[in-house]
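To start, the structure under review is shown below, and the notes come after it.
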Amino acid sequence: MFVRRIAVIGTGYVGLTTGACLASLGHDVVCADVDADKVARLTRGEVDILEPGLADLVAEGIAAGRLTFVLGAASAVRHEPEVMFLCVPTPMGVGGVADLSIVESVIEEVRALLPADCVVVNKSTVPVGTADRTEELLDRTDVAVVSNPEFLREGSAVFDFLNPDRIVVGGSKQDAAERVAALYAKLGAPTVLTDAPSAELVKYAANCFLAMKLSYVNAVAELCDRLGANITDVTEGMGYDKRIGQAFLQPGPGWGGSCLPKDTSAMLQLADAADFEFRLIRATIDTNTRQRQRMVEKVRIAVTGKRNGSLSRRRLALFGLTFKAGTDDLRDSPALAVAALLRQAGADLVGYDPSLRPDTQNPDLSSVTVSDDPYQAAKDAEAVIVLTEWPEFRSLDWQRLAESVRNPIVVDTRNLLDPAVARRAGFEWIGLGKP
Ligand code: NAD
């Protein structure tokens, strides 16, 4: 294997994982970020995101001298990288389009500094046409641009990076694309070598498909509620079909996180700009918005016994605030979206999440008082609402919880708990799509 000098710009979930994993594969990696405190912490080996195995890989990389951290993309380029990965945010911009301003500012920052023959690799999720646009902005015939979307999942980022289902690399210069694909050769994953627009579209098409699958199962769960069918049995029966598969068939309070909402929205805008009305995606997003409201309706009926009952001053305990279990990421969390709707309806909210402490600073938590003790959070609550699928909620002492709540009602928006256990403890258990 060739050892390459690699620069990674952005040290978030994707960038830090990419840098640490490429260093573990033997490459010589320099990671850059604009956040000076973060760079200082990472240089000391301190990782402040919750990702299994990441802190160990970072420590190993630093100790081996294969992983360093610098402030700013320009400093990283001074290390004369042969390959430079862009792993910076591409948030939802005005009108739902992907905001590429950070990608473009990094290109502007490094364009005159990049060594000849460097390959710029876009790992950020970017709309079709971004590689071409990047080439234009670079205006360098000696630098190639390649699209290499990332598919890792938060909560298992290192595992996913090192055990990918596939590697997708696209670019107009075959040799540059092959050079990037070769970085992953050790992983033995199927590799799709294609042009840049196709590689860029793979990422959106995959994420939109996952969102569609979740919206679909949430709608089927609603139908189960109305028809008296059991969603667990329905999805089990569906999932054995290899064309469908069991993954992403669990109903929940709606999908969210830092990717699916912005990527579905960007895909819709991409289609719109191409004069194509992508109704499936519109319906996927609308179903998701409706799902969050439906959770509030379920809580309202459970707590007040009425469809139009008031939640004003009702104390509710929210179990789980992150967008899914196994991460501390709150970005676009469906749990917080439901919390905001409950707060709007006047409820008083106390939240417990295994990854959060009461002093966690985050503006998205403004509607919830965070407790680090589930029994304390449940004290005097008129209902416990399970919003994130943390497995540890199953092994709480539900008997003890039943004694501390005001009303022993649990609305389980993840169908996480064993209803028999909750009922034995004295709770009324309300799930999704459960007769
Ligand atoms: P993040 O917010 O966790 O990290 C981004 C990092 O980039 C931050 O540390 C930030 O300080 C840094 N940064 C911002 N501007 C910079 C600049 N000008 N120069 C250097 N660093 C800069 O983001 P993320 O979740 O890692 O996502 C990055 C990209 O990867 C996005 O396009 C996202 O859609 C995509 N993606 C994310 C995931 C995921 O699960 N998080 C998975 C696949 C793809």
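Scheme for the structure tokens: letters A, B, ... for chains in order shown; per-chain residue numbers from 1; ligand numbers from 1 in order shown.
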- prompt: Could you list, as an NGL selection string, all the residues within 7 Å of ligand 1, counting only C-alpha atoms and all ligand atoms?
  reply: :A and (9-15 or 32-35 or 72-73 or 87-90 or 102 or 105-106 or 123-126 or 149-154 or 258-259)
How about saving the chosen residues, C-alpha atoms kept, as an mmCIF file, in the first residue's frame?
data_model
loop_
_atom_site.group_PDB
_atom_site.id
_atom_site.type_symbol
_atom_site.label_atom_id
_atom_site.label_comp_id
_atom_site.auth_asym_id
_atom_site.auth_seq_id
_atom_site.Cartn_x
_atom_site.Cartn_y
_atom_site.Cartn_z
ATOM 1 C CA ILE A 9 -10.677 19.774 6.594
ATOM 2 C CA GLY A 10 -13.294 19.787 9.382
ATOM 3 C CA THR A 11 -13.003 17.601 12.493
ATOM 4 C CA GLY A 12 -16.663 16.814 13.230
ATOM 5 C CA TYR A 13 -18.294 13.383 13.148
ATOM 6 C CA VAL A 14 -17.187 12.751 9.563
ATOM 7 C CA GLY A 15 -13.842 14.580 9.469
ATOM 8 C CA ALA A 32 -7.742 21.116 10.270
ATOM 9 C CA ASP A 33 -10.602 22.948 11.938
ATOM 10 C CA VAL A 34 -11.590 26.585 12.413
ATOM 11 C CA ASP A 35 -12.391 26.013 16.071
ATOM 12 C CA GLY A 72 -7.377 26.407 9.497
ATOM 13 C CA ALA A 73 -7.359 24.707 6.110
ATOM 14 C CA CYS A 87 -15.592 17.267 5.644
ATOM 15 C CA VAL A 88 -17.178 20.602 6.499
ATOM 16 C CA PRO A 89 -20.859 21.308 7.197
ATOM 17 C CA THR A 90 -23.329 21.753 4.329
ATOM 18 C CA ILE A 102 -18.319 26.775 3.929
ATOM 19 C CA SER A 105 -14.767 29.433 1.561
ATOM 20 C CA VAL A 106 -12.346 26.538 2.160
ATOM 21 C CA LYS A 123 -16.839 13.998 1.472
ATOM 22 C CA SER A 124 -19.400 16.535 2.624
ATOM 23 C CA THR A 125 -22.889 15.853 1.292
ATOM 24 C CA VAL A 126 -23.243 18.222 -1.654
ATOM 25 C CA PRO A 149 -19.689 10.669 -0.235
ATOM 26 C CA GLU A 150 -19.644 9.270 3.287
ATOM 27 C CA PHE A 151 -22.239 6.803 4.599
ATOM 28 C CA LEU A 152 -21.174 6.350 8.229
ATOM 29 C CA ARG A 153 -23.830 6.430 10.948
ATOM 30 C CA GLU A 154 -23.334 8.464 14.103
ATOM 31 C CA SER A 258 -28.103 16.252 11.168
ATOM 32 C CA CYS A 259 -28.544 14.589 7.757
#
task: Apply DSSP to the structure's backbone, then extract all residues of stretch 110-311 of chain A labelled strand (DSSP E or B) and return them as an NGL selection string.
output: :A and (119-122 or 144-147 or 167-171 or 191-194)
Restrict the calculation to only C-alpha atoms, then for each residue of stretch 169-246 of chain A with any atom at most 12 Å from an atom of stretch 107-119 of chain A give the closest atom pair and their distance in Å to one decimal, rows by chain and rising residue number, as JSON lines.
{"residue": "A:Gly171", "atom": "CA", "partner": "A:Val119", "partner_atom": "CA", "distance": 10.2}
{"residue": "A:Ser172", "atom": "CA", "partner": "A:Val119", "partner_atom": "CA", "distance": 11.7}
{"residue": "A:Lys173", "atom": "CA", "partner": "A:Val119", "partner_atom": "CA", "distance": 9.9}
{"residue": "A:Gln174", "atom": "CA", "partner": "A:Val119", "partner_atom": "CA", "distance": 11.5}
{"residue": "A:Asp175", "atom": "CA", "partner": "A:Val119", "partner_atom": "CA", "distance": 10.0}
{"residue": "A:Ala176", "atom": "CA", "partner": "A:Val119", "partner_atom": "CA", "distance": 6.4}
{"residue": "A:Ala177", "atom": "CA", "partner": "A:Val119", "partner_atom": "CA", "distance": 8.5}
{"residue": "A:Glu178", "atom": "CA", "partner": "A:Val119", "partner_atom": "CA", "distance": 10.7}
{"residue": "A:Arg179", "atom": "CA", "partner": "A:Val119", "partner_atom": "CA", "distance": 8.5}
{"residue": "A:Val180", "atom": "CA", "partner": "A:Val119", "partner_atom": "CA", "distance": 8.0}
{"residue": "A:Ala181", "atom": "CA", "partner": "A:Val119", "partner_atom": "CA", "distance": 11.7}
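Contact shell of A:Lys434 at 9 Å (only C-alpha atoms; same-chain neighbours under 2 positions omitted): Ala221, Cys224, Asp225, Gly228, Ala229, Asn230, Ile231, Thr232, Asn415, Ile430, Gly431 and Leu432 of chain A.
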Kindly save the residues from that selection, with C-alpha atoms included, as a PDB file, in the first residue's frame.
ATOM      1  CA  ALA A 221     -48.036   2.077  12.182  1.00  0.00           C
ATOM      2  CA  CYS A 224     -52.214  -0.411  12.530  1.00  0.00           C
ATOM      3  CA  ASP A 225     -53.552   1.876  15.270  1.00  0.00           C
ATOM      4  CA  GLY A 228     -56.189  -2.990  15.223  1.00  0.00           C
ATOM      5  CA  ALA A 229     -53.114  -4.636  13.673  1.00  0.00           C
ATOM      6  CA  ASN A 230     -49.732  -5.052  15.391  1.00  0.00           C
ATOM      7  CA  ILE A 231     -46.879  -3.134  13.692  1.00  0.00           C
ATOM      8  CA  THR A 232     -44.189  -5.393  15.169  1.00  0.00           C
ATOM      9  CA  ASN A 415     -42.027   0.617  21.031  1.00  0.00           C
ATOM     10  CA  ILE A 430     -49.166   3.086  24.975  1.00  0.00           C
ATOM     11  CA  GLY A 431     -47.067   2.296  21.919  1.00  0.00           C
ATOM     12  CA  LEU A 432     -47.259   2.940  18.189  1.00  0.00           C
TER      13      LEU A 432
END
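With only C-alpha atoms as the atoms that count, the minimum distance from A:Met295 to the choices A:Pro261, A:Lys324, A:Gly433, A:Thr369 is reached by A:Gly433.
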- request: Name all residues at most 9 Å from stretch 241-254 of chain A (count only C-alpha atoms; drop same-chain ones fewer than 6 positions away) and give them as a VMD selection string.
  value: chain A and resid 210 to 211 213 to 221 231 to 232 235 287 to 295 334 to 335 338 387 to 389 412 to 415 432 to 433
- request: Show which residues sit within 12 Å of A:Arg133, as a PyMOL selection string. Count only C-alpha atoms, and ignore same-chain residues fewer than 2 positions away.
  value: chain A and resi 100+103-104+107+122+126-131+135-139+145-147+196-197
task: Compile the contact shell of A:Trp429 as a list in words: residues with an atom at most 9 Å away, counting only C-alpha atoms, same-chain residues fewer than 2 positions apart removed.
output: Pro408, Ile409, Val410, Val411, Asp412, Leu417, Pro419, Ala420, Ala422, Arg423, Phe427 and Gly431 of chain A
A:Asp372 environment, 9 Å, only C-alpha atoms, sequence neighbours closer than 2 positions dropped, as a PyMOL selection string: chain A and resi 351-354+356-358+370+374+376-377
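Of the residues under consideration (A:Val77, A:Val70, A:Ser312, A:Leu16), A:Val70 shows the shortest atom-to-atom contact distance to A:Asp37 when counting only C-alpha atoms.
Shortest atom-to-atom contact with A:Asp364 among A:Leu336, A:Val158, A:Leu201, A:Ala425: A:Leu336, counting only C-alpha atoms.
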